[in-house]
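Shown next: start.txt, given as compact mmCIF, C-alpha atoms.
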```
# COMPACT_ATOMS: atom_id res chain seq x y z
CA MET A 1 230.72 51.04 -25.41
CA THR A 2 232.75 51.81 -28.53
CA LYS A 3 232.73 55.08 -30.44
CA ALA A 4 230.63 53.57 -33.24
CA GLU A 5 228.11 52.12 -30.78
CA TYR A 6 227.87 55.35 -28.84
CA LEU A 7 227.29 57.48 -31.94
CA ALA A 8 224.78 55.00 -33.39
CA GLU A 9 222.80 54.96 -30.15
CA LEU A 10 222.85 58.74 -29.91
CA GLU A 11 221.77 59.11 -33.54
CA LYS A 12 218.87 56.72 -33.00
CA ARG A 13 217.68 58.67 -29.96
CA LEU A 14 217.97 62.03 -31.64
CA ALA A 15 215.61 61.09 -34.47
CA ALA A 16 213.29 63.97 -33.50
CA LEU A 17 215.98 66.53 -34.32
CA GLY A 18 216.32 68.14 -37.75
CA ALA A 19 218.82 66.28 -39.97
CA GLU A 20 221.28 69.18 -40.03
CA GLU A 21 221.22 69.75 -36.29
CA ARG A 22 221.57 66.04 -35.58
CA ALA A 23 224.55 65.77 -37.94
CA GLU A 24 226.17 68.78 -36.25
CA LEU A 25 225.80 67.34 -32.76
CA LEU A 26 226.98 63.89 -33.83
CA ALA A 27 230.02 65.54 -35.41
CA ASP A 28 230.72 67.22 -32.05
CA TYR A 29 230.67 63.87 -30.25
CA ALA A 30 232.69 62.16 -32.99
CA GLU A 31 235.28 64.95 -32.69
CA HIS A 32 235.30 64.50 -28.93
CA PHE A 33 236.10 60.80 -29.35
CA ASP A 34 238.88 61.61 -31.83
CA HIS A 35 240.49 64.10 -29.46
CA GLY A 36 240.20 61.64 -26.58
CA LEU A 37 241.82 58.90 -28.66
CA ALA A 38 244.63 61.27 -29.66
CA ASP A 39 245.01 61.91 -25.91
CA GLY A 40 245.60 58.20 -25.37
CA ARG A 41 242.21 57.32 -23.91
CA SER A 42 240.25 54.22 -24.85
CA GLU A 43 236.87 54.48 -26.57
CA GLU A 44 235.26 52.83 -23.54
CA GLU A 45 236.72 55.37 -21.15
CA ILE A 46 235.68 58.31 -23.32
CA ALA A 47 232.14 56.92 -23.61
CA ARG A 48 231.92 56.37 -19.85
CA ARG A 49 233.01 59.93 -19.11
CA LEU A 50 230.54 61.38 -21.58
CA GLY A 51 227.63 59.73 -19.79
CA SER A 52 225.16 57.38 -21.44
CA PRO A 53 223.84 58.36 -24.87
CA GLN A 54 220.34 57.96 -23.44
CA MET A 55 221.02 60.61 -20.81
CA VAL A 56 222.71 62.93 -23.29
CA ALA A 57 219.84 62.51 -25.77
CA ARG A 58 217.20 63.22 -23.08
CA GLU A 59 219.03 66.41 -22.21
CA ILE A 60 219.19 67.50 -25.86
CA LEU A 61 215.56 66.63 -26.56
CA TYR A 62 214.41 68.54 -23.48
CA GLN A 63 216.28 71.58 -24.69
CA LEU A 64 214.74 71.14 -28.13
CA SER A 65 211.22 70.88 -26.74
CA VAL A 66 211.69 74.11 -24.76
CA ASP A 67 213.06 75.87 -27.86
CA ARG A 68 210.00 74.73 -29.80
CA ALA A 69 207.64 75.86 -27.07
CA GLN A 70 209.35 79.23 -27.12
CA ALA A 71 208.92 79.54 -30.89
CA ASP A 72 205.25 78.59 -30.60
CA PRO A 73 204.01 79.02 -27.02
CA SER A 74 200.91 76.83 -27.24
CA LEU A 75 199.65 74.65 -24.41
CA ARG A 76 200.50 71.57 -26.48
CA ARG A 77 204.14 72.58 -27.00
CA VAL A 78 204.53 73.67 -23.39
CA SER A 79 203.03 70.39 -22.17
CA ARG A 80 205.46 68.45 -24.31
CA ALA A 81 208.37 70.40 -22.90
CA VAL A 82 207.12 69.79 -19.36
CA PHE A 83 206.92 66.07 -19.95
CA ALA A 84 210.35 65.99 -21.63
CA GLY A 85 211.68 67.74 -18.51
CA VAL A 86 209.89 65.38 -16.15
CA GLY A 87 211.83 62.47 -17.67
CA LEU A 88 215.08 63.97 -16.41
CA GLY A 89 214.78 63.02 -12.77
CA VAL A 90 212.78 63.35 -9.61
CA VAL A 91 213.87 66.86 -8.61
CA ASN A 92 213.13 68.16 -12.07
CA ALA A 93 209.80 66.35 -12.19
CA LEU A 94 208.67 68.06 -8.98
CA ALA A 95 209.92 71.46 -10.08
CA LEU A 96 207.95 71.28 -13.33
CA LEU A 97 205.04 68.92 -12.85
CA ALA A 98 203.54 70.36 -9.68
CA PRO A 99 203.10 73.94 -10.97
CA PHE A 100 202.05 72.61 -14.37
CA LEU A 101 199.29 70.40 -12.97
CA ILE A 102 198.03 73.08 -10.58
CA GLY A 103 197.91 75.61 -13.42
CA VAL A 104 196.15 73.28 -15.84
CA LEU A 105 193.59 72.20 -13.23
CA ALA A 106 192.91 75.81 -12.22
CA ALA A 107 192.42 76.84 -15.86
CA ALA A 108 190.16 73.84 -16.50
CA ALA A 109 188.07 74.65 -13.41
CA LEU A 110 187.63 78.26 -14.59
CA PHE A 111 186.53 77.15 -18.05
CA VAL A 112 184.08 74.56 -16.68
CA ALA A 113 182.57 77.08 -14.25
CA ALA A 114 182.25 79.60 -17.09
CA VAL A 115 180.47 77.07 -19.31
CA PHE A 116 177.98 76.20 -16.55
CA LEU A 117 177.22 79.86 -15.89
CA VAL A 118 176.74 80.67 -19.57
CA ALA A 119 174.49 77.64 -19.95
CA SER A 120 172.47 78.42 -16.82
CA PRO A 121 169.36 79.82 -18.61
CA LEU A 122 169.23 76.64 -20.65
CA LEU A 123 169.89 74.40 -17.66
CA GLY A 124 167.10 76.15 -15.76
CA LEU A 125 164.75 75.58 -18.64
CA LEU A 126 165.60 71.90 -18.74
CA GLN A 127 165.10 71.59 -15.02
CA ASP A 128 161.89 73.60 -14.54
CA GLY A 129 160.30 73.64 -17.97
CA LEU A 130 158.73 76.87 -19.26
CA THR A 131 156.95 77.72 -16.00
CA VAL A 132 156.14 80.97 -14.17
CA VAL A 133 158.88 80.15 -11.67
CA TYR A 134 161.34 79.84 -14.52
CA LEU A 135 160.21 83.13 -16.07
CA THR A 136 160.60 84.99 -12.78
CA GLU A 137 164.08 83.51 -12.38
CA LEU A 138 165.02 84.28 -15.95
CA PRO A 139 166.58 87.75 -15.34
CA LEU A 140 168.78 86.23 -12.66
CA LEU A 141 169.78 83.40 -14.97
CA VAL A 142 170.61 85.83 -17.76
CA GLY A 143 172.74 87.73 -15.29
CA LEU A 144 174.56 84.51 -14.41
CA ALA A 145 175.14 83.84 -18.10
CA GLY A 146 176.66 87.32 -18.41
CA ALA A 147 178.92 86.60 -15.45
CA GLY A 148 179.85 83.36 -17.19
CA LEU A 149 181.01 85.26 -20.27
CA ILE A 150 183.17 87.51 -18.11
CA LEU A 151 184.59 84.47 -16.33
CA TRP A 152 185.33 82.87 -19.71
CA ALA A 153 187.32 85.90 -20.78
CA ALA A 154 189.18 85.79 -17.46
CA ALA A 155 189.88 82.08 -17.97
CA VAL A 156 191.34 82.78 -21.43
CA GLN A 157 193.56 85.48 -19.91
CA PHE A 158 194.62 83.20 -17.10
CA ALA A 159 195.45 80.34 -19.49
CA ALA A 160 197.55 82.62 -21.70
CA ARG A 161 199.43 84.01 -18.71
CA PHE A 162 199.94 80.54 -17.29
CA VAL A 163 201.43 79.26 -20.57
CA ARG A 164 203.85 82.22 -20.66
CA TRP A 165 204.78 81.75 -17.02
CA MET A 166 205.35 78.03 -17.47
CA LEU A 167 207.50 78.71 -20.53
CA ALA A 168 209.68 81.12 -18.56
CA ARG A 169 210.00 78.49 -15.86
CA LEU A 170 211.04 75.89 -18.43
CA GLN A 171 213.65 78.23 -19.86
CA ARG A 172 215.15 78.82 -16.43
CA ASN A 173 215.04 75.10 -15.82
CA VAL A 174 216.96 74.33 -19.02
CA LYS A 175 219.67 76.76 -17.96
CA SER A 176 219.94 75.60 -14.39
CA ARG A 177 220.26 71.97 -15.32
CA ALA A 178 223.04 72.40 -17.83
CA GLU A 179 225.14 70.17 -15.63
CA GLY A 180 222.66 67.33 -16.20
CA ASN A 181 223.06 63.86 -14.78
CA ALA A 182 221.53 64.85 -11.43
CA MET B 1 230.43 67.59 -4.63
CA ASN B 2 226.77 68.23 -4.02
CA VAL B 3 224.79 68.26 -7.27
CA GLN B 4 222.76 71.31 -6.21
CA PHE B 5 225.93 73.41 -5.99
CA LYS B 6 226.83 72.64 -9.57
CA LYS B 7 223.47 73.51 -11.05
CA GLY B 8 223.73 76.42 -13.39
CA VAL B 9 227.40 77.04 -12.66
CA LEU B 10 228.54 75.17 -15.76
CA GLU B 11 227.35 78.00 -18.00
CA LEU B 12 229.48 80.45 -16.02
CA CYS B 13 232.47 78.10 -16.26
CA VAL B 14 232.19 77.71 -20.04
CA LEU B 15 231.67 81.42 -20.66
CA SER B 16 234.57 82.34 -18.37
CA LEU B 17 236.94 79.92 -20.11
CA ILE B 18 236.17 81.21 -23.58
CA ALA B 19 236.32 84.76 -22.26
CA ARG B 20 240.01 84.13 -21.61
CA LYS B 21 240.70 82.55 -24.99
CA ASP B 22 238.91 80.71 -27.79
CA CYS B 23 238.56 77.03 -26.91
CA TYR B 24 237.49 73.87 -28.70
CA GLY B 25 234.96 71.49 -27.18
CA TYR B 26 237.30 68.80 -25.95
CA GLU B 27 239.58 71.42 -24.42
CA LEU B 28 236.65 72.95 -22.52
CA VAL B 29 235.58 69.55 -21.23
CA GLU B 30 239.13 68.80 -20.07
CA LEU B 31 239.55 72.15 -18.32
CA ILE B 32 236.25 71.82 -16.48
CA SER B 33 236.28 68.12 -15.62
CA ARG B 34 239.75 68.55 -14.16
CA ASN B 35 238.12 70.67 -11.44
CA ILE B 36 234.47 69.68 -11.31
CA GLU B 37 232.97 66.25 -11.71
CA ILE B 38 230.54 66.40 -14.65
CA ALA B 39 228.92 64.13 -17.20
CA GLU B 40 231.12 65.36 -20.04
CA GLY B 41 228.46 64.72 -22.68
CA THR B 42 226.28 67.54 -21.33
CA ILE B 43 228.80 70.22 -22.35
CA TYR B 44 227.91 69.91 -26.03
CA PRO B 45 224.18 70.61 -25.64
CA LEU B 46 225.18 73.58 -23.48
CA LEU B 47 227.58 74.87 -26.15
CA ARG B 48 224.84 74.45 -28.74
CA ARG B 49 222.44 76.51 -26.62
CA LEU B 50 225.01 79.26 -25.99
CA THR B 51 225.70 79.42 -29.73
CA LYS B 52 221.99 79.58 -30.52
CA GLU B 53 221.51 82.37 -28.01
CA GLY B 54 224.29 84.34 -29.70
CA LEU B 55 226.61 84.26 -26.67
CA CYS B 56 229.36 82.62 -28.71
CA THR B 57 230.22 81.80 -32.31
CA THR B 58 232.08 78.84 -33.76
CA TYR B 59 234.77 78.36 -36.38
CA LEU B 60 236.73 75.37 -37.59
CA ALA B 61 240.51 75.30 -37.49
CA GLU B 62 242.89 72.64 -38.71
CA SER B 63 245.51 71.49 -36.26
CA THR B 64 248.94 70.08 -36.95
CA GLU B 65 248.36 67.36 -34.35
CA GLY B 66 245.10 65.47 -34.24
CA PRO B 67 241.70 66.15 -35.80
CA PRO B 68 240.39 69.61 -36.87
CA ARG B 69 238.96 71.63 -34.02
CA LYS B 70 235.67 73.45 -33.65
CA TYR B 71 236.50 76.56 -31.68
CA TYR B 72 234.10 78.66 -29.62
CA ARG B 73 234.55 82.41 -29.40
CA LEU B 74 232.71 84.71 -27.00
CA THR B 75 230.54 87.48 -28.53
CA PRO B 76 230.04 90.89 -26.87
CA ALA B 77 226.62 89.68 -25.72
CA GLY B 78 228.32 86.61 -24.26
CA ARG B 79 230.79 88.79 -22.40
CA GLU B 80 227.93 90.77 -20.90
CA VAL B 81 226.20 87.58 -19.71
CA GLN B 82 229.50 86.24 -18.33
CA ARG B 83 230.00 89.41 -16.26
CA GLN B 84 226.44 89.27 -14.99
CA LEU B 85 226.68 85.57 -14.02
CA LEU B 86 230.02 86.17 -12.34
CA ARG B 87 228.57 89.03 -10.26
CA GLU B 88 225.66 86.83 -9.21
CA TRP B 89 227.99 83.96 -8.38
CA GLU B 90 230.29 86.16 -6.27
CA LEU B 91 227.34 87.62 -4.37
CA PHE B 92 226.04 84.14 -3.75
CA VAL B 93 229.36 82.80 -2.53
CA ARG B 94 229.89 85.79 -0.25
CA GLY B 95 226.38 85.40 1.14
CA VAL B 96 226.88 81.72 1.87
CA GLN B 97 230.22 82.41 3.52
CA ASN B 98 228.70 85.07 5.73
CA VAL B 99 226.03 82.66 6.87
CA VAL B 100 228.29 79.65 7.29
CA LYS B 101 231.01 81.51 9.15
CA GLY B 102 228.48 83.39 11.21
CA GLU B 103 229.65 86.83 10.14
CA GLU B 104 227.51 89.91 10.29
CA THR B 105 225.06 89.90 7.37
CA ARG B 106 224.71 93.16 5.51
```

Please go through the file and, once you have read it, give me the structure as structure tokens.
Amino acid sequence: MTKAEYLAELEKRLAALGAEERAELLADYAEHFDHGLADGRSEEEIARRLGSPQMVAREILYQLSVDRAQADPSLRRVSRAVFAGVGLGVVNALALLAPFLIGVLAAAALFVAAVFLVASPLLGLLQDGLTVVYLTELPLLVGLAGAGLILWAAAVQFAARFVRWMLARLQRNVKSRAEGNA
Amino acid sequence: MNVQFKKGVLELCVLSLIARKDCYGYELVELISRNIEIAEGTIYPLLRRLTKEGLCTTYLAESTEGPPRKYYRLTPAGREVQRQLLREWELFVRGVQNVVKGEETR
């Protein structure tokens, strides 16, 4: 791969970056080629030692997605960062995906349970109709609905904590895989 | 060399090199890849992150031979992180040696 091909491929794959940041990084790689050439290396050799532009771009985009998740720690941003990290190899995929899926499923289960509890007076009404049995059960059902509200609040807390925890994990992951190309 | 050993150590290597003197990117890559096998292209994203985190700053300098150079200089915050990482690394190495050589653990 020549210098021009390498830089063109890298530029194409870094389309998600801001124009200024992309230009800065491309300048770094262009400079690297120039120094290598001045050192008597061929463009092919320099490109080979850099590692494929695909791999380099994946690494940069992962870092970017974690930066963005840090600036705006929403579930959507964090999910994106997780999936950018999963593309970097099997070890990384396991380190990120397993805790992410467990956390998301646990949060979803809490929210679903909360919704069912809150809706229980209504569900009881649908099941029994407005009968004496229903009316005698009503205090219990209202109690369940109250418990549902508490569970909902707990689920919100859990989800917020999980997103923060996952973000911290992503940040550590970005640092520890600086070497890349695993 | 085992990939697991290298994980995370690159940051310590880069910070330690620029702690000694300001370096430009290609120089850093050369100094490191002479000793450790790396995909050289991953140094630049690392340098970008260290700069963003305020651990180093950059400046351009013309050179009489070859293209202009983008130098990296360690900040006081960077020095602090370098010391911390070095302490952790030394503890880790000592711990592994104790285990591997079967010496008394602390």

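Between CA of Leu94 (chain A) and CA of Gly41 (chain B) there is a distance of 24.3 Å.
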
#### Entry: Exercise: region 50-55 of chain B partners within 9 Å, only C-alpha atoms, chain neighbours under 4 positions left out, as a PyMOL selection string
chain B and resi 11+15+45-46+72-81

### Query
Given a cut-off of 10 Å, which residues of chain B touch chain A, counting only C-alpha atoms, written out as a ChimeraX atom specification?
/B:2-4,6-11,24-27,29-30,33,37-50,65-70

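Taking CA of Ser16 (chain B) and CA of Thr58 (chain B) as the two end points, the separation is 16.0 Å.
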
Just the residues within 10 Å of Leu110 (chain A), please, counting all atoms listed in the file, with nothing from its chain fewer than 6 positions along; format it as a PDB file with C-alpha atoms, in the frame of the given file.
```pdb
ATOM      1  CA  VAL A 104     196.150  73.280 -15.840  1.00  0.00           C
ATOM      2  CA  GLY A 148     179.850  83.360 -17.190  1.00  0.00           C
ATOM      3  CA  LEU A 151     184.590  84.470 -16.330  1.00  0.00           C
ATOM      4  CA  TRP A 152     185.330  82.870 -19.710  1.00  0.00           C
ATOM      5  CA  ALA A 153     187.320  85.900 -20.780  1.00  0.00           C
ATOM      6  CA  ALA A 154     189.180  85.790 -17.460  1.00  0.00           C
ATOM      7  CA  ALA A 155     189.880  82.080 -17.970  1.00  0.00           C
ATOM      8  CA  VAL A 156     191.340  82.780 -21.430  1.00  0.00           C
ATOM      9  CA  PHE A 158     194.620  83.200 -17.100  1.00  0.00           C
ATOM     10  CA  ALA A 159     195.450  80.340 -19.490  1.00  0.00           C
TER      11      ALA A 159
END
```

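The closest residue to Leu17 (chain A), picked from A:Arg161, A:Glu44, A:Arg58, A:Leu135 and counting all atoms listed in the file, is A:Arg58.
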
Box in all listed atoms of region 36-51 of chain B, axis-aligned, with 5 Å more on each side; write out centre and edge lengths in Å to one decimal as AutoDock Vina command-line options.
```
--center_x 228.5 --center_y 71.8 --center_z -20.5 --size_x 22.0 --size_y 25.3 --size_z 28.4
```

### Message
One decimal, in Å: what's the spacing between CA of Leu123 (chain A) and CA of Leu141 (chain A)?
### Response
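Going from CA of Leu123 (chain A) over to CA of Leu141 (chain A), I get 9.4 Å.
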
### Task
Quick one: everything within 10 Å of Ser79 (chain A), counting all atoms listed in the file, minus sequence neighbours fewer than 2 positions away in the same chain. Send it as an NGL selection string.
:A and (65-66 or 69 or 73-77 or 81-85 or 97 or 100-101 or 104 or 163 or 166-167)
